[in-house]
file final.cif (mmCIF, C-alpha atoms and all ligand atoms)
data_structure
#
loop_
_atom_site.label_atom_id
_atom_site.label_comp_id
_atom_site.auth_asym_id
_atom_site.auth_seq_id
_atom_site.Cartn_x
_atom_site.Cartn_y
_atom_site.Cartn_z
CA MET A 1 -38.02 14.39 96.12
CA LYS A 2 -34.31 14.83 95.40
CA PRO A 3 -32.60 11.48 94.80
CA ALA A 4 -30.24 10.44 97.58
CA THR A 5 -26.58 11.01 96.75
CA HIS A 6 -25.10 9.63 99.94
CA PRO A 7 -23.92 6.06 99.30
CA THR A 8 -25.66 3.46 101.45
CA LEU A 9 -24.12 0.32 99.95
CA LEU A 10 -21.03 -0.56 97.94
CA VAL A 11 -20.60 -3.79 96.00
CA ASP A 12 -16.85 -3.98 95.58
CA SER A 13 -14.21 -6.32 94.11
CA ILE A 14 -16.43 -7.35 91.20
CA GLY A 15 -14.41 -9.50 88.77
CA CYS A 16 -16.88 -9.12 85.90
CA LEU A 17 -19.75 -6.62 85.91
CA LEU A 18 -22.53 -6.93 83.33
CA THR A 19 -24.04 -3.45 83.13
CA LEU A 20 -26.13 -4.31 80.02
CA ASP A 21 -25.34 -0.75 78.99
CA PRO A 22 -23.01 -0.55 75.97
CA ASP A 23 -22.12 3.02 76.96
CA LEU A 24 -20.70 1.84 80.28
CA GLY A 25 -18.66 -1.18 79.19
CA ASP A 26 -17.59 -3.52 76.41
CA GLY A 27 -19.91 -5.17 73.88
CA PRO A 28 -23.69 -5.41 73.99
CA LEU A 29 -23.57 -6.61 77.62
CA GLY A 30 -21.55 -3.54 78.67
CA ILE A 31 -18.94 -5.63 80.50
CA VAL A 32 -16.54 -3.98 82.94
CA GLU A 33 -13.73 -5.99 84.57
CA ASP A 34 -12.51 -5.13 88.09
CA ALA A 35 -15.59 -3.09 88.88
CA ALA A 36 -17.73 -1.66 91.68
CA VAL A 37 -21.34 -0.56 92.09
CA ALA A 38 -22.33 2.15 94.58
CA VAL A 39 -25.93 2.47 95.72
CA ALA A 40 -27.81 5.34 97.37
CA GLY A 41 -31.11 4.25 98.88
CA GLU A 42 -33.03 2.37 96.17
CA ARG A 43 -30.95 3.70 93.28
CA ILE A 44 -27.59 3.15 91.63
CA LEU A 45 -25.12 5.95 92.11
CA PHE A 46 -22.15 4.51 90.26
CA ALA A 47 -21.46 1.41 88.13
CA GLY A 48 -18.06 0.99 86.52
CA ALA A 49 -14.34 0.42 86.92
CA ARG A 50 -13.09 0.41 90.55
CA ARG A 51 -10.35 2.86 89.77
CA ARG A 52 -13.01 5.40 88.76
CA LEU A 53 -15.02 4.98 91.98
CA PRO A 54 -15.15 8.38 93.78
CA ALA A 55 -13.20 8.06 97.05
CA PRO A 56 -16.09 9.01 99.42
CA TYR A 57 -18.16 6.09 98.06
CA ARG A 58 -15.68 3.67 99.65
CA GLU A 59 -17.01 4.58 103.08
CA ALA A 60 -20.38 2.86 102.58
CA GLU A 61 -21.35 -0.55 104.01
CA THR A 62 -19.60 -2.97 101.63
CA ILE A 63 -20.37 -6.34 100.08
CA GLY A 64 -17.11 -7.82 98.83
CA ALA A 65 -17.80 -9.77 95.65
CA GLY A 66 -14.40 -11.52 95.80
CA GLY A 67 -13.85 -11.35 92.04
CA ALA A 68 -17.27 -12.78 91.18
CA LEU A 69 -19.74 -12.04 88.39
CA VAL A 70 -22.32 -9.31 89.15
CA THR A 71 -25.34 -8.73 86.92
CA PRO A 72 -28.65 -6.88 87.04
CA GLY A 73 -31.30 -8.72 89.06
CA LEU A 74 -33.10 -11.10 86.71
CA ILE A 75 -36.56 -10.07 85.50
CA ASP A 76 -39.14 -12.83 85.01
CA CYS A 77 -41.63 -11.15 82.67
CA HIS A 78 -44.29 -13.91 82.39
CA THR A 79 -45.62 -15.78 85.41
CA HIS A 80 -48.96 -16.93 86.77
CA LEU A 81 -47.87 -16.37 90.39
CA VAL A 82 -51.09 -16.39 92.42
CA PHE A 83 -53.06 -19.64 92.61
CA ALA A 84 -53.77 -22.60 94.87
CA GLY A 85 -53.77 -26.34 94.25
CA ASP A 86 -51.55 -28.87 92.56
CA ARG A 87 -51.86 -30.51 89.13
CA SER A 88 -48.91 -32.86 89.09
CA ASP A 89 -51.29 -35.76 88.37
CA GLU A 90 -51.94 -34.10 84.98
CA PHE A 91 -48.20 -34.19 84.30
CA PHE A 92 -48.25 -37.96 84.64
CA ALA A 93 -51.55 -38.24 82.71
CA ARG A 94 -49.84 -36.44 79.81
CA LEU A 95 -46.87 -38.78 79.99
CA ALA A 96 -49.34 -41.65 79.79
CA GLY A 97 -50.62 -40.25 76.50
CA ARG A 98 -53.35 -37.69 77.22
CA SER A 99 -52.90 -34.21 75.73
CA TYR A 100 -53.04 -30.86 77.58
CA GLU A 101 -56.12 -29.90 75.55
CA GLU A 102 -57.88 -33.22 76.27
CA ILE A 103 -57.25 -32.88 80.00
CA ALA A 104 -58.58 -29.31 79.88
CA ARG A 105 -61.75 -30.41 78.04
CA SER A 106 -62.48 -33.06 80.66
CA GLY A 107 -62.47 -30.61 83.58
CA GLY A 108 -58.74 -30.48 84.34
CA GLY A 109 -56.31 -27.75 83.40
CA ILE A 110 -56.87 -24.05 84.10
CA ARG A 111 -60.46 -24.58 85.30
CA ARG A 112 -59.27 -26.95 88.01
CA THR A 113 -56.86 -24.34 89.32
CA VAL A 114 -59.73 -21.83 89.21
CA GLU A 115 -61.71 -24.09 91.60
CA ALA A 116 -58.78 -24.63 93.97
CA THR A 117 -58.05 -20.89 93.99
CA ALA A 118 -61.69 -19.99 94.71
CA GLY A 119 -61.53 -22.29 97.75
CA ALA A 120 -58.40 -20.65 99.19
CA SER A 121 -58.42 -17.66 101.58
CA ASP A 122 -56.52 -14.46 100.80
CA GLU A 123 -54.06 -15.41 103.53
CA LYS A 124 -53.42 -18.82 102.01
CA LEU A 125 -52.91 -17.35 98.52
CA ARG A 126 -50.56 -14.72 99.93
CA ALA A 127 -48.52 -17.34 101.80
CA LEU A 128 -48.24 -19.53 98.70
CA ALA A 129 -47.22 -16.60 96.49
CA ARG A 130 -44.64 -15.40 99.03
CA SER A 131 -42.95 -18.77 99.29
CA ARG A 132 -42.77 -18.85 95.47
CA LEU A 133 -41.18 -15.38 95.54
CA ASP A 134 -38.61 -16.70 98.06
CA ARG A 135 -37.63 -19.31 95.49
CA PHE A 136 -37.51 -16.72 92.68
CA LEU A 137 -35.20 -14.54 94.79
CA ALA A 138 -32.97 -17.51 95.59
CA ALA A 139 -32.67 -17.97 91.81
CA GLY A 140 -31.53 -14.37 91.30
CA VAL A 141 -34.89 -12.92 90.22
CA THR A 142 -35.68 -9.47 91.67
CA THR A 143 -38.73 -8.59 89.52
CA VAL A 144 -41.61 -10.91 88.66
CA GLU A 145 -44.67 -10.27 86.53
CA ALA A 146 -47.82 -11.87 88.04
CA LYS A 147 -50.89 -12.51 85.93
CA SER A 148 -54.38 -12.94 87.32
CA GLY A 149 -56.53 -15.45 85.41
CA TYR A 150 -57.33 -18.17 87.92
CA ALA A 151 -60.66 -16.67 89.04
CA LEU A 152 -62.57 -15.63 85.89
CA SER A 153 -65.14 -13.55 87.78
CA PRO A 154 -64.97 -9.80 88.38
CA GLU A 155 -64.57 -10.06 92.16
CA GLY A 156 -62.18 -12.99 91.90
CA GLU A 157 -59.92 -11.45 89.25
CA LEU A 158 -59.71 -8.20 91.21
CA ARG A 159 -58.88 -10.19 94.35
CA LEU A 160 -55.95 -11.90 92.61
CA LEU A 161 -54.61 -8.57 91.33
CA ARG A 162 -54.91 -7.01 94.79
CA ILE A 163 -53.03 -9.94 96.32
CA ALA A 164 -50.31 -9.81 93.63
CA GLY A 165 -49.88 -6.08 94.22
CA SER A 166 -49.58 -6.25 98.01
CA LEU A 167 -47.23 -9.13 98.77
CA GLY A 168 -44.65 -6.94 100.53
CA HIS A 169 -41.72 -9.05 99.40
CA ALA A 170 -38.15 -8.24 98.41
CA VAL A 171 -39.02 -9.29 94.86
CA SER A 172 -40.97 -6.52 93.07
CA VAL A 173 -44.21 -7.76 91.53
CA VAL A 174 -45.82 -6.32 88.39
CA PRO A 175 -49.50 -7.42 88.29
CA THR A 176 -51.00 -8.12 84.85
CA PHE A 177 -54.74 -8.53 84.24
CA LEU A 178 -55.55 -11.85 82.50
CA GLY A 179 -59.32 -12.07 83.00
CA ALA A 180 -59.45 -13.62 79.51
CA HIS A 181 -57.47 -16.76 80.39
CA VAL A 182 -60.19 -19.24 79.36
CA VAL A 183 -63.98 -18.97 78.99
CA PRO A 184 -65.49 -20.18 82.29
CA PRO A 185 -67.85 -23.19 81.97
CA GLY A 186 -70.98 -21.12 82.78
CA PHE A 187 -70.43 -19.06 79.62
CA ALA A 188 -69.73 -21.93 77.19
CA ALA A 189 -73.00 -21.33 75.33
CA ASP A 190 -72.47 -17.57 75.11
CA ARG A 191 -68.80 -16.71 74.82
CA GLY A 192 -69.64 -13.15 73.79
CA ALA A 193 -71.26 -12.60 77.17
CA TYR A 194 -68.00 -13.47 78.94
CA VAL A 195 -66.02 -11.19 76.60
CA ARG A 196 -68.45 -8.41 77.63
CA VAL A 197 -67.88 -9.21 81.33
CA VAL A 198 -64.16 -8.72 80.69
CA THR A 199 -64.52 -5.51 78.66
CA GLU A 200 -67.42 -3.86 80.50
CA GLU A 201 -67.13 -5.08 84.10
CA MET A 202 -63.57 -6.16 84.79
CA LEU A 203 -61.40 -3.78 82.73
CA PRO A 204 -62.99 -0.52 83.90
CA ARG A 205 -62.56 -1.60 87.53
CA VAL A 206 -58.97 -2.72 87.00
CA VAL A 207 -58.26 0.76 85.65
CA ALA A 208 -60.32 2.69 88.22
CA GLU A 209 -58.69 0.84 91.11
CA ARG A 210 -55.22 1.02 89.44
CA LEU A 211 -54.71 -2.70 89.97
CA SER A 212 -52.68 -3.26 86.80
CA GLY A 213 -51.25 -1.31 83.90
CA ILE A 214 -51.19 -4.27 81.50
CA CYS A 215 -53.87 -6.50 79.93
CA ASP A 216 -53.08 -9.98 78.60
CA VAL A 217 -55.30 -12.49 76.72
CA PHE A 218 -54.73 -16.23 76.11
CA CYS A 219 -55.32 -16.24 72.34
CA ASP A 220 -55.67 -19.88 71.24
CA GLU A 221 -58.21 -22.37 69.90
CA ALA A 222 -58.54 -23.65 73.48
CA ALA A 223 -59.16 -20.14 74.83
CA PHE A 224 -59.98 -16.88 72.94
CA SER A 225 -60.02 -16.35 69.16
CA VAL A 226 -58.03 -13.61 67.45
CA ASP A 227 -61.25 -11.59 67.03
CA GLU A 228 -62.19 -11.96 70.70
CA ALA A 229 -58.65 -11.06 71.77
CA ALA A 230 -58.71 -8.01 69.46
CA LEU A 231 -61.93 -6.82 71.08
CA ILE A 232 -60.62 -7.21 74.63
CA LEU A 233 -57.19 -5.72 73.98
CA GLY A 234 -58.67 -2.88 71.91
CA ARG A 235 -60.86 -1.96 74.87
CA ALA A 236 -57.88 -2.22 77.23
CA LYS A 237 -55.87 0.15 75.05
CA GLY A 238 -58.80 2.55 74.92
CA LEU A 239 -58.71 2.62 78.72
CA GLY A 240 -55.01 3.46 78.67
CA LEU A 241 -53.53 0.03 79.44
CA GLU A 242 -50.55 -1.58 77.75
CA VAL A 243 -51.35 -4.91 76.10
CA LYS A 244 -49.71 -8.29 75.49
CA LEU A 245 -50.90 -11.76 74.57
CA HIS A 246 -50.30 -15.48 74.83
CA ALA A 247 -49.87 -16.01 71.09
CA ASP A 248 -49.44 -19.03 68.80
CA GLN A 249 -48.78 -21.47 71.66
CA LEU A 250 -50.83 -24.63 71.00
CA THR A 251 -52.26 -23.54 67.65
CA GLY A 252 -50.84 -21.02 65.19
CA ASN A 253 -53.74 -18.66 64.58
CA GLY A 254 -52.18 -15.29 63.86
CA GLY A 255 -51.69 -14.16 67.47
CA ALA A 256 -48.28 -12.65 66.65
CA GLU A 257 -49.76 -10.60 63.80
CA LEU A 258 -52.44 -9.29 66.18
CA ALA A 259 -49.79 -8.38 68.78
CA ALA A 260 -47.87 -6.45 66.13
CA ARG A 261 -51.00 -4.69 64.85
CA LEU A 262 -51.90 -3.56 68.38
CA GLY A 263 -48.35 -2.40 69.17
CA ALA A 264 -48.32 -4.87 72.07
CA LEU A 265 -45.49 -4.83 74.60
CA SER A 266 -44.97 -8.54 73.97
CA ALA A 267 -46.20 -11.65 72.19
CA ASP A 268 -45.57 -14.64 74.43
CA HIS A 269 -44.96 -18.36 73.64
CA LEU A 270 -44.86 -18.24 69.78
CA GLU A 271 -44.20 -21.99 69.39
CA ARG A 272 -46.37 -21.96 66.23
CA VAL A 273 -45.63 -18.46 64.94
CA SER A 274 -45.74 -18.10 61.13
CA ASP A 275 -43.10 -16.38 59.00
CA GLU A 276 -45.57 -13.53 58.51
CA GLY A 277 -45.90 -13.30 62.30
CA VAL A 278 -42.11 -13.07 62.70
CA ALA A 279 -41.94 -10.32 60.07
CA ALA A 280 -44.80 -8.41 61.69
CA LEU A 281 -43.12 -8.54 65.12
CA SER A 282 -39.84 -7.28 63.71
CA ARG A 283 -41.65 -4.27 62.21
CA SER A 284 -43.58 -3.43 65.37
CA GLY A 285 -40.72 -3.80 67.88
CA THR A 286 -42.89 -6.08 70.03
CA VAL A 287 -40.84 -8.29 72.37
CA ALA A 288 -41.08 -12.05 71.79
CA VAL A 289 -41.26 -13.69 75.23
CA LEU A 290 -40.08 -17.29 74.88
CA LEU A 291 -41.02 -19.89 77.50
CA PRO A 292 -38.98 -23.04 76.90
CA GLY A 293 -40.01 -24.52 80.27
CA ALA A 294 -43.61 -24.91 79.09
CA VAL A 295 -42.54 -26.82 75.98
CA PHE A 296 -40.20 -29.00 78.02
CA PHE A 297 -42.73 -29.79 80.76
CA LEU A 298 -45.52 -30.54 78.27
CA GLY A 299 -43.16 -33.18 76.87
CA LYS A 300 -43.15 -31.54 73.45
CA ARG A 301 -40.41 -30.74 70.99
CA SER A 302 -42.13 -27.71 69.45
CA TYR A 303 -39.73 -25.04 70.70
CA PRO A 304 -40.34 -21.55 69.28
CA PRO A 305 -38.13 -20.43 66.36
CA ALA A 306 -35.85 -18.22 68.45
CA ARG A 307 -33.14 -17.96 65.82
CA LYS A 308 -35.62 -16.80 63.18
CA LEU A 309 -36.96 -14.17 65.57
CA LEU A 310 -33.50 -12.97 66.60
CA ASP A 311 -32.18 -12.95 63.07
CA ALA A 312 -35.21 -10.87 62.02
CA GLY A 313 -34.29 -8.33 64.71
CA VAL A 314 -37.12 -9.12 67.13
CA PRO A 315 -36.15 -8.44 70.77
CA VAL A 316 -36.35 -11.79 72.60
CA ALA A 317 -36.99 -12.27 76.33
CA VAL A 318 -36.80 -15.59 78.21
CA SER A 319 -39.12 -16.38 81.11
CA THR A 320 -40.32 -19.28 83.27
CA ASP A 321 -44.10 -19.02 82.55
CA PHE A 322 -44.33 -20.21 86.18
CA ASN A 323 -47.80 -21.81 86.52
CA PRO A 324 -49.28 -25.01 87.97
CA GLY A 325 -50.08 -26.69 84.65
CA THR A 326 -47.40 -26.23 82.03
CA SER A 327 -44.36 -24.88 83.87
CA PRO A 328 -44.24 -25.26 87.64
CA THR A 329 -40.74 -23.83 88.17
CA GLU A 330 -39.28 -20.66 89.64
CA ASN A 331 -35.87 -21.51 88.21
CA LEU A 332 -35.17 -18.81 85.62
CA PRO A 333 -31.45 -19.76 85.35
CA LEU A 334 -32.62 -23.24 84.26
CA MET A 335 -34.69 -21.54 81.51
CA MET A 336 -31.47 -19.78 80.47
CA THR A 337 -29.89 -23.21 79.98
CA LEU A 338 -32.92 -24.40 77.97
CA ALA A 339 -32.65 -21.23 75.89
CA ALA A 340 -29.10 -22.26 74.99
CA VAL A 341 -29.80 -25.97 74.36
CA GLU A 342 -33.23 -25.81 72.72
CA LEU A 343 -33.51 -22.25 71.40
CA ARG A 344 -29.87 -22.01 70.28
CA MET A 345 -29.48 -18.58 71.81
CA THR A 346 -26.00 -17.23 72.54
CA ALA A 347 -24.95 -16.28 76.08
CA GLU A 348 -25.24 -12.61 75.12
CA GLU A 349 -28.76 -13.08 73.76
CA ILE A 350 -29.81 -15.03 76.86
CA TRP A 351 -28.53 -12.37 79.28
CA THR A 352 -30.29 -9.68 77.27
CA GLY A 353 -33.41 -11.85 77.39
CA VAL A 354 -33.63 -11.95 81.19
CA THR A 355 -32.68 -8.29 81.72
CA THR A 356 -33.24 -5.50 79.18
CA SER A 357 -35.71 -7.29 76.88
CA ALA A 358 -37.68 -8.60 79.87
CA ALA A 359 -37.86 -5.04 81.27
CA ARG A 360 -39.12 -3.84 77.90
CA ALA A 361 -41.83 -6.55 77.85
CA LEU A 362 -43.15 -4.99 81.08
CA ALA A 363 -42.56 -1.33 80.09
CA LEU A 364 -40.16 -0.97 83.04
CA LYS A 365 -37.70 1.81 82.27
CA ASP A 366 -35.94 1.85 85.64
CA ARG A 367 -34.33 -1.60 85.60
CA GLY A 368 -32.73 -4.32 83.49
CA ARG A 369 -29.42 -2.41 83.32
CA LEU A 370 -26.95 -1.25 85.96
CA ALA A 371 -26.54 2.47 85.34
CA PRO A 372 -26.69 5.54 87.59
CA GLY A 373 -30.26 6.54 88.48
CA LEU A 374 -31.77 3.11 87.88
CA ARG A 375 -33.13 0.75 90.56
CA ALA A 376 -30.43 -0.98 92.55
CA ASP A 377 -31.40 -4.57 91.71
CA LEU A 378 -28.39 -6.83 91.24
CA VAL A 379 -27.05 -10.31 91.82
CA VAL A 380 -23.64 -11.49 93.03
CA TRP A 381 -23.19 -14.96 91.51
CA GLU A 382 -21.12 -17.94 92.59
CA ALA A 383 -19.56 -17.64 89.15
CA ALA A 384 -16.86 -15.62 87.45
CA ARG A 385 -18.11 -15.34 83.85
CA PRO A 386 -21.54 -14.73 82.26
CA GLU A 387 -21.44 -18.07 80.40
CA GLU A 388 -21.28 -19.94 83.72
CA VAL A 389 -24.88 -19.20 84.72
CA PRO A 390 -26.61 -20.83 81.72
CA GLY A 391 -23.58 -23.12 81.50
CA ARG A 392 -24.69 -25.09 84.58
CA PHE A 393 -28.13 -26.50 85.16
CA GLY A 394 -30.60 -27.44 87.82
CA GLY A 395 -28.99 -25.81 90.82
CA VAL A 396 -28.67 -22.07 91.27
CA ALA A 397 -25.48 -20.25 91.98
CA VAL A 398 -26.64 -17.03 93.66
CA ARG A 399 -24.43 -15.73 96.46
CA CYS A 400 -26.47 -12.65 97.26
CA ALA A 401 -29.15 -10.49 95.66
CA VAL A 402 -29.72 -6.77 96.15
CA SER A 403 -33.26 -5.55 95.56
CA GLY A 404 -34.09 -1.85 95.70
CA GLY A 405 -30.74 -1.28 97.41
CA ARG A 406 -31.31 -3.88 100.16
CA PRO A 407 -29.10 -6.98 100.29
CA PHE A 408 -30.60 -10.44 100.70
CA GLY A 409 -28.21 -13.34 101.20
CA MET A 410 -29.25 -16.95 100.85
CA GLY A 411 -31.34 -17.84 103.88
CA LEU A 412 -31.76 -14.22 105.05
CA ASP A 413 -35.24 -12.89 105.76
CA SER A 414 -36.72 -11.51 102.54
CA ARG A 415 -40.08 -10.47 103.92
CA GLY A 416 -41.42 -7.08 104.79
CA ALA A 417 -39.85 -5.02 102.02
CA SER A 418 -42.19 -2.40 100.61
CA HIS A 419 -42.67 -1.92 96.88
O1 LIG B 1 -48.90 -19.93 79.80
N1 LIG B 1 -51.29 -20.72 78.14
C1 LIG B 1 -52.02 -20.37 79.06
N2 LIG B 1 -51.66 -20.30 80.32
C2 LIG B 1 -50.61 -21.04 80.89
C3 LIG B 1 -51.05 -22.38 81.32
C4 LIG B 1 -51.86 -22.24 82.52
C5 LIG B 1 -52.29 -23.53 83.12
O2 LIG B 1 -52.26 -24.62 82.50
O3 LIG B 1 -52.71 -23.41 84.29
C6 LIG B 1 -49.38 -21.04 80.02
O4 LIG B 1 -48.86 -22.07 79.58
FE FE B 2 -48.57 -18.17 80.49
#
call {"tool": "encode", "arguments": {"input": "final.cif", "output": "structure tokens"}}
result
Amino acid sequence: MKPATHPTLLVDSIGCLLTLDPDLGDGPLGIVEDAAVAVAGERILFAGARRRLPAPYREAETIGAGGALVTPGLIDCHTHLVFAGDRSDEFFARLAGRSYEEIARSGGGIRRTVEATAGASDEKLRALARSRLDRFLAAGVTTVEAKSGYALSPEGELRLLRIAGSLGHAVSVVPTFLGAHVVPPGFAADRGAYVRVVTEEMLPRVVAERLSGICDVFCDEAAFSVDEAALILGRAKGLGLEVKLHADQLTGNGGAELAARLGALSADHLERVSDEGVAALSRSGTVAVLLPGAVFFLGKRSYPPARKLLDAGVPVAVSTDFNPGTSPTENLPLMMTLAAVELRMTAEEIWTGVTTSAARALALKDRGRLAPGLRADLVVWEAARPEEVPGRFGGVAVRCAVSGGRPFGMGLDSRGASH
């Protein structure tokens, strides 16, 4: 199909446009002052200085940005979107002195969410996930990764992926297969048998039914060992999937080195990454996905060594890790603030972390920048400068989001979009 060239939407009077494309503007963020973006259907037709805007593009339906900041739609590249139940009692149990691992061993944690999810209908899970996506969109997020992992049976894991892939929401969803989240209780005496369920029953079906293009594993003492993760991810690669892993979160066990060895898209968490792990990631070009919300909400101080990673040349993304146990928030701009305060990232690094590096962590080539031909996902902020978004916290300052060329203002209906 020939791409549409007739403009359908114009975002005009942009005070500061972050294209994230150094060829289109100044510095690594590709900044253009006094700019406009023209959209044709789902795609960007023009992004740049207003004075260069071709005259016929001015005819399109127009959103006046009134001198505001416009950026690519944020990409949240690590979430556990689809689940039922609430674990806020565990939050208070931790504050009273119990650890995340202890709570998990005594029947709480991930396994508790698995039970609540098993008891919820497809309709219920869909409704919960959609209201979470509403909150993501209100925070300026137009693409969300959604991991399975709260079922741990072949039928259940496939169900979660099907739900994630068919939410019909303005926010695009990228489903990731995380059948190896933890070993379900029935397999405690024979972990190898569960690994075989993942490699021989789940993965081939995920691929045959095209439910996900990415396989993730929670590699940790509390979940799967490096050897088990290597087996699962090796099989996933053999079946043509991209791979990534939860690495070096609670225990430093060489997850980052494994991610690098496998050429993974990303190694996520990395609170306990070793210097060898940092060096390995910088050689492999694997994205480090940092999740400061999980450290914060677990009441810990063990933030990942973002500066070491950045200074070693590792691409760094920032994400919410939205999940019911360690990071129940859809507020990615708040994570941007935590990235500044706790990870010591600069405003430029943070913006790169929620746009281009996040796109790379999901192998998405059509977004994360605002350039002709790419998906028209953008945000008009109640802000004038890029520093202002991480430079406030708690609330969100989104005036309007455009996803796949369609505008969604605060409070407008965001349902029914097809992706
Ligand atoms: O990313 N680390 C593993 N998974 C989640 C926690 C999930 C849960 O506690 O439900 C995480 O932190
Ligand atoms: Fe996670």
call {"tool": "residues_near_ligand", "arguments": {"input": "final.cif", "ligand": "ligand FE 2 (chain B)", "cutoff": "10 Å", "atoms": "all atoms listed in the file", "output": "VMD selection string"}}
result
chain A and resid 78 to 80 146 to 147 149 178 181 216 to 218 245 to 247 249 268 to 269 291 294 319 to 323 325 to 327
call {"tool": "write_last_selection", "arguments": {"input": "final.cif", "atoms": "C-alpha atoms", "output": "compact mmCIF listing (two decimals), in the frame of the given file"}}
result
# COMPACT_ATOMS: atom_id res chain seq x y z
CA HIS A 78 -44.29 -13.91 82.39
CA THR A 79 -45.62 -15.78 85.41
CA HIS A 80 -48.96 -16.93 86.77
CA ALA A 146 -47.82 -11.87 88.04
CA LYS A 147 -50.89 -12.51 85.93
CA GLY A 149 -56.53 -15.45 85.41
CA LEU A 178 -55.55 -11.85 82.50
CA HIS A 181 -57.47 -16.76 80.39
CA ASP A 216 -53.08 -9.98 78.60
CA VAL A 217 -55.30 -12.49 76.72
CA PHE A 218 -54.73 -16.23 76.11
CA LEU A 245 -50.90 -11.76 74.57
CA HIS A 246 -50.30 -15.48 74.83
CA ALA A 247 -49.87 -16.01 71.09
CA GLN A 249 -48.78 -21.47 71.66
CA ASP A 268 -45.57 -14.64 74.43
CA HIS A 269 -44.96 -18.36 73.64
CA LEU A 291 -41.02 -19.89 77.50
CA ALA A 294 -43.61 -24.91 79.09
CA SER A 319 -39.12 -16.38 81.11
CA THR A 320 -40.32 -19.28 83.27
CA ASP A 321 -44.10 -19.02 82.55
CA PHE A 322 -44.33 -20.21 86.18
CA ASN A 323 -47.80 -21.81 86.52
CA GLY A 325 -50.08 -26.69 84.65
CA THR A 326 -47.40 -26.23 82.03
CA SER A 327 -44.36 -24.88 83.87
call {"tool": "closest_residue", "arguments": {"input": "final.cif", "among": "A:Glu382, A:Glu157, A:Glu201, A:Glu101", "to": "ligand LIG 1 (chain B)", "atoms": "all atoms listed in the file"}}
result
A:Glu101
call {"tool": "atom_distance", "arguments": {"input": "final.cif", "atom1": "atom CA of Glu271 of chain A", "atom2": "atom CA of Ala339 of chain A"}}
result
13.3 Å
call {"tool": "closest_residue", "arguments": {"input": "final.cif", "among": "A:Gly30, A:Pro7, A:Gly254, A:Gly192", "to": "Ile44 of chain A", "atoms": "all atoms listed in the file"}}
result
A:Pro7
call {"tool": "closest_residue", "arguments": {"input": "final.cif", "among": "A:Pro324, A:Pro390, A:Pro204, A:Gly299", "to": "ligand LIG 1 (chain B)", "atoms": "only C-alpha atoms and all ligand atoms"}}
result
A:Pro324
call {"tool": "closest_residue", "arguments": {"input": "final.cif", "among": "A:Ala84, A:Ala340, A:Val174, A:Leu125", "to": "ligand LIG 1 (chain B)", "atoms": "only C-alpha atoms and all ligand atoms"}}
result
A:Ala84
call {"tool": "atom_distance", "arguments": {"input": "final.cif", "atom1": "atom CA of Ala397 of chain A", "atom2": "atom CA of Asp21 of chain A"}}
result
23.4 Å
call {"tool": "atom_distance", "arguments": {"input": "final.cif", "atom1": "atom C4 of ligand LIG 1 (chain B)", "atom2": "atom CA of Arg111 of chain A"}}
result
9.3 Å
call {"tool": "residues_around", "arguments": {"input": "final.cif", "residues": "Phe136 of chain A", "least_positions_apart": "6", "cutoff": "8 Å", "atoms": "only C-alpha atoms", "output": "PDB file with C-alpha atoms, in the frame of the given file"}}
result
ATOM      1  CA  THR A 142     -35.680  -9.470  91.670  1.00  0.00           C
ATOM      2  CA  VAL A 171     -39.020  -9.290  94.860  1.00  0.00           C
ATOM      3  CA  GLU A 330     -39.280 -20.660  89.640  1.00  0.00           C
ATOM      4  CA  ASN A 331     -35.870 -21.510  88.210  1.00  0.00           C
ATOM      5  CA  LEU A 332     -35.170 -18.810  85.620  1.00  0.00           C
TER       6      LEU A 332
END
call {"tool": "residues_around", "arguments": {"input": "final.cif", "residues": "segment 57-59 of chain A", "least_positions_apart": "4", "cutoff": "9 Å", "atoms": "all atoms listed in the file", "output": "PDB file with C-alpha atoms, in the coordinates of the input"}}
result
ATOM      1  CA  HIS A   6     -25.100   9.630  99.940  1.00  0.00           C
ATOM      2  CA  PRO A   7     -23.920   6.060  99.300  1.00  0.00           C
ATOM      3  CA  THR A   8     -25.660   3.460 101.450  1.00  0.00           C
ATOM      4  CA  LEU A   9     -24.120   0.320  99.950  1.00  0.00           C
ATOM      5  CA  LEU A  10     -21.030  -0.560  97.940  1.00  0.00           C
ATOM      6  CA  ASP A  12     -16.850  -3.980  95.580  1.00  0.00           C
ATOM      7  CA  ALA A  38     -22.330   2.150  94.580  1.00  0.00           C
ATOM      8  CA  VAL A  39     -25.930   2.470  95.720  1.00  0.00           C
ATOM      9  CA  PHE A  46     -22.150   4.510  90.260  1.00  0.00           C
ATOM     10  CA  LEU A  53     -15.020   4.980  91.980  1.00  0.00           C
TER      11      LEU A  53
END
call {"tool": "residues_near_point", "arguments": {"input": "final.cif", "point": "(-61.8, -15.4, 78.5)", "cutoff": "10 Å", "atoms": "all atoms listed in the file", "output": "MDAnalysis selection string"}}
result
chainID A and resid 149 152 178:184 187 191:198 217:219 223:225 228:229 232
call {"tool": "closest_residue", "arguments": {"input": "final.cif", "among": "A:Leu298, A:Ala264, A:Ala40, A:Val379", "to": "ligand LIG 1 (chain B)", "atoms": "all atoms listed in the file"}}
result
A:Leu298
call {"tool": "closest_residue", "arguments": {"input": "final.cif", "among": "A:Leu262, A:Ala361, A:Arg98, A:Gly238", "to": "Val287 of chain A", "atoms": "all atoms listed in the file"}}
result
A:Ala361
call {"tool": "residues_around", "arguments": {"input": "final.cif", "residues": "Ala36 of chain A", "least_positions_apart": "5", "cutoff": "10 Å", "atoms": "all atoms listed in the file", "output": "list of chain:residue names"}}
result
A:Leu10, A:Val11, A:Asp12, A:Ser13, A:Ile14, A:Gly15, A:Cys16, A:Leu17, A:Phe46, A:Ala47, A:Gly48, A:Ala49, A:Arg50, A:Arg51, A:Arg52, A:Leu53, A:Arg58, A:Ile63, A:Gly64, A:Ala65, A:Val70
